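Peer 1: Okay, so here is structure-v2.txt, and as you'll see once you scroll down, it has compact mmCIF, C-alpha atoms.
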```txt
# COMPACT_ATOMS: atom_id res chain seq x y z
CA MET A 1 18.75 -182.70 81.07
CA PRO A 2 14.97 -182.17 81.39
CA HIS A 3 13.84 -180.31 84.48
CA ASP A 4 12.27 -182.73 86.97
CA HIS A 5 9.28 -180.91 88.50
CA SER A 6 8.96 -183.56 91.18
CA ASP A 7 12.48 -182.91 92.49
CA PRO A 8 12.14 -182.02 96.21
CA GLU A 9 15.31 -179.94 95.95
CA HIS A 10 13.37 -177.42 93.86
CA PRO A 11 10.74 -176.04 96.29
CA HIS A 12 9.28 -173.61 93.77
CA ALA A 13 7.97 -176.58 91.79
CA LEU A 14 5.92 -177.66 94.79
CA LEU A 15 4.25 -174.35 95.54
CA PRO A 16 0.50 -173.95 94.81
CA PRO A 17 -0.73 -171.03 92.68
CA ASP A 18 -2.77 -169.29 95.41
CA PRO A 19 -0.54 -166.64 97.14
CA ALA A 20 -1.65 -167.49 100.68
CA LEU A 21 -1.10 -171.20 100.08
CA ARG A 22 2.26 -170.47 98.47
CA VAL A 23 3.39 -168.58 101.56
CA LYS A 24 2.29 -171.41 103.85
CA ALA A 25 3.92 -174.04 101.65
CA LEU A 26 7.16 -172.08 101.47
CA GLU A 27 7.14 -171.64 105.25
CA THR A 28 6.68 -175.39 105.67
CA ILE A 29 9.54 -176.20 103.31
CA LEU A 30 11.92 -173.73 105.01
CA THR A 31 10.94 -175.03 108.45
CA ARG A 32 11.63 -178.63 107.44
CA LYS A 33 15.05 -177.59 106.15
CA GLY A 34 15.78 -175.89 109.47
CA LEU A 35 16.07 -172.43 107.88
CA VAL A 36 13.11 -170.86 109.70
CA ASP A 37 12.05 -170.98 113.34
CA PRO A 38 8.21 -171.00 113.31
CA ALA A 39 8.03 -169.49 116.81
CA ALA A 40 10.25 -166.57 115.81
CA LEU A 41 8.23 -166.05 112.63
CA ASP A 42 4.96 -166.07 114.56
CA GLU A 43 6.40 -163.52 117.00
CA ILE A 44 7.39 -161.16 114.20
CA ILE A 45 3.98 -161.43 112.53
CA ASP A 46 2.15 -160.93 115.83
CA THR A 47 4.27 -157.89 116.65
CA TYR A 48 3.60 -156.07 113.40
CA GLN A 49 0.04 -157.25 112.81
CA ASN A 50 -1.47 -157.05 116.28
CA ARG A 51 0.74 -155.12 118.71
CA ILE A 52 1.89 -152.45 116.28
CA GLY A 53 -0.69 -152.53 113.52
CA PRO A 54 -1.58 -148.92 112.70
CA ASN A 55 -1.60 -147.92 116.39
CA ASN A 56 1.78 -146.21 116.38
CA GLY A 57 0.96 -144.13 113.33
CA ALA A 58 -2.39 -143.17 114.84
CA ARG A 59 -0.59 -141.86 117.94
CA VAL A 60 1.66 -139.71 115.75
CA VAL A 61 -1.31 -138.28 113.85
CA ALA A 62 -3.25 -137.58 117.04
CA ARG A 63 -0.27 -135.73 118.50
CA ALA A 64 0.10 -133.73 115.27
CA TRP A 65 -3.58 -132.77 115.41
CA SER A 66 -3.40 -131.58 118.99
CA ASP A 67 0.12 -130.11 119.26
CA PRO A 68 1.09 -127.44 116.67
CA ALA A 69 4.73 -127.46 117.80
CA PHE A 70 4.91 -131.22 117.29
CA LEU A 71 3.36 -130.83 113.83
CA ASP A 72 5.97 -128.22 112.90
CA ARG A 73 8.78 -130.56 113.94
CA LEU A 74 7.14 -133.40 112.05
CA ARG A 75 7.16 -131.28 108.91
CA GLU A 76 10.86 -130.56 109.32
CA ASP A 77 12.16 -134.02 110.19
CA ALA A 78 9.57 -136.73 110.68
CA THR A 79 12.17 -139.49 111.05
CA GLU A 80 13.80 -137.84 114.06
CA VAL A 81 10.54 -136.89 115.76
CA ILE A 82 9.00 -140.33 115.27
CA SER A 83 12.19 -141.99 116.54
CA GLU A 84 11.93 -139.99 119.74
CA LEU A 85 8.58 -141.67 120.32
CA GLY A 86 10.27 -145.06 119.99
CA PHE A 87 9.01 -145.85 116.49
CA PHE A 88 12.02 -146.79 114.39
CA GLY A 89 13.84 -149.76 112.93
CA ARG A 90 13.55 -151.88 109.82
CA GLN A 91 11.30 -150.32 107.15
CA GLY A 92 11.13 -147.10 109.15
CA GLU A 93 14.52 -145.52 108.61
CA HIS A 94 13.42 -142.55 106.50
CA ILE A 95 9.92 -141.19 107.04
CA VAL A 96 8.36 -138.11 105.46
CA ALA A 97 5.03 -136.77 106.74
CA VAL A 98 2.65 -135.26 104.17
CA GLU A 99 -0.49 -133.38 105.24
CA ASN A 100 -3.95 -133.48 103.76
CA THR A 101 -5.65 -130.10 103.56
CA ALA A 102 -8.85 -128.67 102.14
CA GLU A 103 -6.93 -128.07 98.89
CA LEU A 104 -4.73 -131.17 98.69
CA HIS A 105 -5.20 -134.91 99.25
CA ASN A 106 -2.10 -137.12 99.50
CA MET A 107 -1.95 -140.78 98.57
CA VAL A 108 0.93 -143.27 98.89
CA VAL A 109 1.92 -146.14 96.62
CA CYS A 110 5.06 -148.16 96.02
CA THR A 111 5.27 -148.66 92.27
CA LEU A 112 8.21 -151.07 92.37
CA CYS A 113 7.36 -153.42 95.24
CA SER A 114 5.70 -152.73 98.61
CA CYS A 115 7.85 -150.25 100.56
CA TYR A 116 5.82 -149.27 103.60
CA PRO A 117 6.46 -147.75 107.08
CA TRP A 118 6.15 -150.94 109.14
CA PRO A 119 7.01 -149.41 112.55
CA LEU A 120 4.08 -147.02 112.14
CA LEU A 121 1.45 -148.95 110.18
CA GLY A 122 2.31 -152.62 110.71
CA ILE A 123 2.20 -155.14 107.86
CA PRO A 124 1.08 -153.70 104.51
CA PRO A 125 -2.37 -154.87 103.35
CA GLY A 126 -2.59 -157.23 100.41
CA TRP A 127 -4.13 -154.64 98.10
CA TYR A 128 -1.18 -152.27 98.68
CA LYS A 129 1.16 -154.92 97.23
CA SER A 130 -1.08 -155.77 94.28
CA ASP A 131 -0.06 -154.97 90.72
CA ALA A 132 -3.41 -153.30 90.10
CA TYR A 133 -3.07 -150.79 92.94
CA ARG A 134 0.57 -150.06 92.15
CA ALA A 135 -0.25 -149.24 88.53
CA ARG A 136 -3.64 -147.57 88.86
CA ALA A 137 -2.86 -145.37 91.87
CA VAL A 138 -0.48 -143.39 89.70
CA ARG A 139 -2.51 -143.47 86.50
CA GLU A 140 -6.01 -142.84 87.85
CA PRO A 141 -5.82 -141.92 91.54
CA ARG A 142 -9.29 -140.37 91.75
CA ARG A 143 -10.94 -143.49 90.39
CA VAL A 144 -8.96 -145.69 92.81
CA LEU A 145 -9.93 -143.43 95.72
CA ALA A 146 -13.58 -143.63 94.69
CA GLU A 147 -13.36 -147.42 94.81
CA PHE A 148 -12.15 -147.07 98.39
CA GLY A 149 -15.17 -144.89 99.11
CA VAL A 150 -13.31 -141.58 99.01
CA THR A 151 -14.90 -139.07 96.64
CA LEU A 152 -13.08 -135.76 96.55
CA PRO A 153 -14.32 -132.42 95.19
CA GLU A 154 -12.92 -131.53 91.80
CA THR A 155 -11.32 -128.44 93.32
CA MET A 156 -9.11 -130.61 95.55
CA ALA A 157 -5.80 -131.66 94.04
CA VAL A 158 -4.50 -135.21 94.48
CA ARG A 159 -0.80 -135.88 94.89
CA VAL A 160 0.58 -139.42 94.70
CA TRP A 161 3.82 -140.18 96.54
CA ASP A 162 5.97 -143.12 95.43
CA SER A 163 7.34 -144.89 98.49
CA THR A 164 10.83 -146.36 98.04
CA ALA A 165 13.52 -148.11 100.06
CA GLU A 166 15.00 -144.66 100.73
CA ILE A 167 11.83 -142.77 101.69
CA ARG A 168 8.53 -143.90 103.14
CA TYR A 169 5.53 -141.64 103.66
CA LEU A 170 2.99 -141.09 106.40
CA VAL A 171 -0.16 -139.23 105.42
CA ILE A 172 -1.52 -136.89 108.11
CA PRO A 173 -5.26 -136.96 107.37
CA MET A 174 -7.46 -133.95 107.98
CA ARG A 175 -8.79 -133.75 111.50
CA PRO A 176 -12.54 -134.45 111.61
CA PRO A 177 -14.72 -131.50 112.64
CA GLY A 178 -16.18 -131.43 116.12
CA THR A 179 -13.17 -133.08 117.78
CA GLU A 180 -11.75 -130.04 119.55
CA GLY A 181 -12.39 -131.38 123.05
CA LEU A 182 -11.02 -134.89 122.51
CA SER A 183 -7.87 -136.23 124.13
CA GLU A 184 -4.98 -137.62 122.09
CA THR A 185 -6.14 -141.15 122.92
CA GLU A 186 -9.64 -140.37 121.70
CA LEU A 187 -8.27 -138.72 118.57
CA ALA A 188 -6.04 -141.71 117.82
CA ALA A 189 -9.13 -143.92 117.76
CA LEU A 190 -10.39 -141.89 114.79
CA VAL A 191 -7.27 -142.50 112.71
CA THR A 192 -7.46 -145.48 110.36
CA ARG A 193 -4.67 -147.30 108.59
CA ASP A 194 -6.10 -146.34 105.20
CA SER A 195 -6.26 -142.68 106.17
CA MET A 196 -2.49 -142.77 106.79
CA ILE A 197 -1.94 -144.26 103.32
CA GLY A 198 -4.36 -141.78 101.77
CA THR A 199 -6.92 -144.31 100.57
CA GLY A 200 -9.27 -143.39 103.41
CA LEU A 201 -10.33 -140.55 105.68
CA ALA A 202 -10.24 -140.24 109.43
CA ARG A 203 -13.40 -141.47 111.15
CA ALA A 204 -16.01 -138.89 112.01
CA THR A 205 -17.16 -138.63 115.59
CA ALA A 206 -20.43 -140.31 116.49
```
Before we go any further, please render this structure as structure tokens.
Peer 2:
Amino acid sequence: MPHDHSDPEHPHALLPPDPALRVKALETILTRKGLVDPAALDEIIDTYQNRIGPNNGARVVARAWSDPAFLDRLREDATEVISELGFFGRQGEHIVAVENTAELHNMVVCTLCSCYPWPLLGIPPGWYKSDAYRARAVREPRRVLAEFGVTLPETMAVRVWDSTAEIRYLVIPMRPPGTEGLSETELAALVTRDSMIGTGLARATA
């Protein structure tokens, strides 16, 4: 029997090609069928996008910059240390911290889908989930970094980490110079989401 593309029982046939519109259309269909509570969905999105965002990860980085003992523990078992701060749960079960240095720059990608440390960084940005980033970050990381505005010296090595369902990575960016007298709160304000993925650097002080 020919497939009837107007059949309302086949929601995929009704979805528009634009990703954002597809998401909204799918949400509408699931809501009408009673499978999704819009209020609960809005709460989840608000939690990860606005209340968590990259703020939790920035607090971890700021503590690592200012507390050598904390940094040592983070190197040994980031999952345990981060959990002690209250940052755990779905998409944050297994975290590994990798440090940027004057000799090494770390960068994170998920080549299979979009594995990402939600409890630390919030919802992954659209570009992180794109096919282009997932393919090119591994093949030509320096060129990708340059497109993000990060130009590294040729003497600095670049290491790309493939995030998976088993392990997710948090990049500890290099601490900006001239920040020795700043508090952890002030330091956290210098940490960007992209710097904890490796596609950016920490902000310089004014």
Peer 1: Using only C-alpha atoms, list the residues that have an atom at most 12 Å from (-4.4, -153.2, 96.0), coordinates as in the file, as a PyMOL selection string.
Peer 2: chain A and resi 108-111+113-114+124-137+144-145+147-148+194+197+199
Peer 1: Nearest residue to Glu140 (chain A) out of A:Gly122, A:Ala202, A:Met107, A:Glu80, using all atoms listed in the file?
Peer 2: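 Using all atoms listed in the file, the shortest distance to Glu140 (chain A) belongs to A:Met107.
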Peer 1: Under the rule that only C-alpha atoms are counted, which of A:Glu154, A:Glu84, A:Glu103, A:Glu166 is the nearest residue to Pro117 (chain A)?
Peer 2: A:Glu166
Peer 1: Measuring atom to atom with all atoms listed in the file, identify which of A:Gly149, A:Pro177, A:Gly86, A:Gly200 is nearest to Arg59 (chain A).
Peer 2: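 Of the candidates, the smallest distance to Arg59 (chain A) is held by A:Gly86.
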Peer 1: Just give me the gap between CA of Thr155 (chain A) and CA of Ser195 (chain A) in Å, one decimal is fine.
Peer 2: 19.8 Å
Peer 1: Restricting the calculation to all atoms listed in the file, which member of A:His105, A:Arg168, A:Arg63, A:Arg143 is positioned closest to Ala188 (chain A)?
Peer 2: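 Comparing A:His105, A:Arg168, A:Arg63, A:Arg143 against Ala188 (chain A), the winner is A:Arg63.
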Peer 1: Between A:Leu201, A:Leu112, A:Met156, A:Leu190, which residue has the minimum interatomic distance to Met174 (chain A), considering all atoms listed in the file?
Peer 2: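 The closest residue to Met174 (chain A) is A:Leu201.
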Peer 1: Between A:Ala58, A:Val138, A:Leu120, A:Ala69, which residue has the minimum interatomic distance to His94 (chain A), considering only C-alpha atoms?
Peer 2: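 Using only C-alpha atoms, the shortest distance to His94 (chain A) belongs to A:Leu120.
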Peer 1: Please compute the CA of Thr151 (chain A)-CA of Pro176 (chain A) distance, one decimal, in Å.
Peer 2: 15.8 Å
Peer 1: Could you tell me how far CA of Leu187 (chain A) lies from CA of Ala62 (chain A), in Å and to one decimal?
Peer 2: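 Here the two named atoms are 5.4 Å from each other.
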Peer 1: Output region 68-89 of chain A as a PDB file, keeping the file's coordinate frame, making sure N, CA, C and O atoms are there.
Peer 2:
```
ATOM      1  N   PRO A  68       0.522-128.139 117.827  1.00  0.00           N
ATOM      2  CA  PRO A  68       1.090-127.440 116.670  1.00  0.00           C
ATOM      3  C   PRO A  68       2.614-127.479 116.614  1.00  0.00           C
ATOM      4  O   PRO A  68       3.198-127.591 115.530  1.00  0.00           O
ATOM      5  N   ALA A  69       3.269-127.405 117.771  1.00  0.00           N
ATOM      6  CA  ALA A  69       4.730-127.460 117.800  1.00  0.00           C
ATOM      7  C   ALA A  69       5.232-128.818 117.320  1.00  0.00           C
ATOM      8  O   ALA A  69       6.232-128.917 116.584  1.00  0.00           O
ATOM      9  N   PHE A  70       4.544-129.871 117.734  1.00  0.00           N
ATOM     10  CA  PHE A  70       4.910-131.220 117.290  1.00  0.00           C
ATOM     11  C   PHE A  70       4.718-131.341 115.786  1.00  0.00           C
ATOM     12  O   PHE A  70       5.563-131.910 115.079  1.00  0.00           O
ATOM     13  N   LEU A  71       3.630-130.786 115.268  1.00  0.00           N
ATOM     14  CA  LEU A  71       3.360-130.830 113.830  1.00  0.00           C
ATOM     15  C   LEU A  71       4.454-130.102 113.051  1.00  0.00           C
ATOM     16  O   LEU A  71       4.915-130.582 112.013  1.00  0.00           O
ATOM     17  N   ASP A  72       4.896-128.962 113.562  1.00  0.00           N
ATOM     18  CA  ASP A  72       5.970-128.220 112.900  1.00  0.00           C
ATOM     19  C   ASP A  72       7.246-129.053 112.834  1.00  0.00           C
ATOM     20  O   ASP A  72       7.930-129.089 111.803  1.00  0.00           O
ATOM     21  N   ARG A  73       7.581-129.724 113.922  1.00  0.00           N
ATOM     22  CA  ARG A  73       8.780-130.560 113.940  1.00  0.00           C
ATOM     23  C   ARG A  73       8.626-131.754 113.009  1.00  0.00           C
ATOM     24  O   ARG A  73       9.589-132.196 112.372  1.00  0.00           O
ATOM     25  N   LEU A  74       7.410-132.273 112.930  1.00  0.00           N
ATOM     26  CA  LEU A  74       7.140-133.400 112.050  1.00  0.00           C
ATOM     27  C   LEU A  74       7.349-132.996 110.590  1.00  0.00           C
ATOM     28  O   LEU A  74       7.876-133.777 109.785  1.00  0.00           O
ATOM     29  N   ARG A  75       6.951-131.782 110.266  1.00  0.00           N
ATOM     30  CA  ARG A  75       7.160-131.280 108.910  1.00  0.00           C
ATOM     31  C   ARG A  75       8.644-131.171 108.575  1.00  0.00           C
ATOM     32  O   ARG A  75       9.058-131.427 107.454  1.00  0.00           O
ATOM     33  N   GLU A  76       9.435-130.790 109.550  1.00  0.00           N
ATOM     34  CA  GLU A  76      10.860-130.560 109.320  1.00  0.00           C
ATOM     35  C   GLU A  76      11.653-131.858 109.247  1.00  0.00           C
ATOM     36  O   GLU A  76      12.516-132.013 108.378  1.00  0.00           O
ATOM     37  N   ASP A  77      11.400-132.768 110.159  1.00  0.00           N
ATOM     38  CA  ASP A  77      12.160-134.020 110.190  1.00  0.00           C
ATOM     39  C   ASP A  77      11.335-135.101 110.882  1.00  0.00           C
ATOM     40  O   ASP A  77      11.484-135.356 112.074  1.00  0.00           O
ATOM     41  N   ALA A  78      10.470-135.732 110.107  1.00  0.00           N
ATOM     42  CA  ALA A  78       9.570-136.730 110.680  1.00  0.00           C
ATOM     43  C   ALA A  78      10.330-137.924 111.241  1.00  0.00           C
ATOM     44  O   ALA A  78       9.952-138.479 112.280  1.00  0.00           O
ATOM     45  N   THR A  79      11.411-138.323 110.584  1.00  0.00           N
ATOM     46  CA  THR A  79      12.170-139.490 111.050  1.00  0.00           C
ATOM     47  C   THR A  79      12.675-139.281 112.473  1.00  0.00           C
ATOM     48  O   THR A  79      12.529-140.152 113.339  1.00  0.00           O
ATOM     49  N   GLU A  80      13.253-138.116 112.730  1.00  0.00           N
ATOM     50  CA  GLU A  80      13.800-137.840 114.060  1.00  0.00           C
ATOM     51  C   GLU A  80      12.698-137.775 115.109  1.00  0.00           C
ATOM     52  O   GLU A  80      12.817-138.359 116.197  1.00  0.00           O
ATOM     53  N   VAL A  81      11.629-137.062 114.793  1.00  0.00           N
ATOM     54  CA  VAL A  81      10.540-136.890 115.760  1.00  0.00           C
ATOM     55  C   VAL A  81       9.885-138.228 116.080  1.00  0.00           C
ATOM     56  O   VAL A  81       9.616-138.552 117.253  1.00  0.00           O
ATOM     57  N   ILE A  82       9.637-139.027 115.066  1.00  0.00           N
ATOM     58  CA  ILE A  82       9.000-140.330 115.270  1.00  0.00           C
ATOM     59  C   ILE A  82       9.925-141.257 116.056  1.00  0.00           C
ATOM     60  O   ILE A  82       9.481-142.030 116.909  1.00  0.00           O
ATOM     61  N   SER A  83      11.231-141.172 115.798  1.00  0.00           N
ATOM     62  CA  SER A  83      12.190-141.990 116.540  1.00  0.00           C
ATOM     63  C   SER A  83      12.180-141.661 118.017  1.00  0.00           C
ATOM     64  O   SER A  83      12.347-142.547 118.870  1.00  0.00           O
ATOM     65  N   GLU A  84      11.983-140.389 118.335  1.00  0.00           N
ATOM     66  CA  GLU A  84      11.930-139.990 119.740  1.00  0.00           C
ATOM     67  C   GLU A  84      10.764-140.629 120.474  1.00  0.00           C
ATOM     68  O   GLU A  84      10.801-140.805 121.695  1.00  0.00           O
ATOM     69  N   LEU A  85       9.733-140.997 119.726  1.00  0.00           N
ATOM     70  CA  LEU A  85       8.580-141.670 120.320  1.00  0.00           C
ATOM     71  C   LEU A  85       8.807-143.180 120.438  1.00  0.00           C
ATOM     72  O   LEU A  85       7.962-143.908 120.961  1.00  0.00           O
ATOM     73  N   GLY A  86       9.944-143.642 119.926  1.00  0.00           N
ATOM     74  CA  GLY A  86      10.270-145.060 119.990  1.00  0.00           C
ATOM     75  C   GLY A  86       9.858-145.857 118.781  1.00  0.00           C
ATOM     76  O   GLY A  86       9.919-147.094 118.789  1.00  0.00           O
ATOM     77  N   PHE A  87       9.454-145.171 117.711  1.00  0.00           N
ATOM     78  CA  PHE A  87       9.010-145.850 116.490  1.00  0.00           C
ATOM     79  C   PHE A  87      10.111-145.762 115.443  1.00  0.00           C
ATOM     80  O   PHE A  87      10.242-144.753 114.745  1.00  0.00           O
ATOM     81  N   PHE A  88      10.917-146.789 115.353  1.00  0.00           N
ATOM     82  CA  PHE A  88      12.020-146.790 114.390  1.00  0.00           C
ATOM     83  C   PHE A  88      12.396-148.234 114.108  1.00  0.00           C
ATOM     84  O   PHE A  88      11.806-149.164 114.656  1.00  0.00           O
ATOM     85  N   GLY A  89      13.375-148.414 113.249  1.00  0.00           N
ATOM     86  CA  GLY A  89      13.840-149.760 112.930  1.00  0.00           C
ATOM     87  C   GLY A  89      13.612-150.105 111.474  1.00  0.00           C
ATOM     88  O   GLY A  89      13.391-149.233 110.637  1.00  0.00           O
TER      89      GLY A  89
END
```
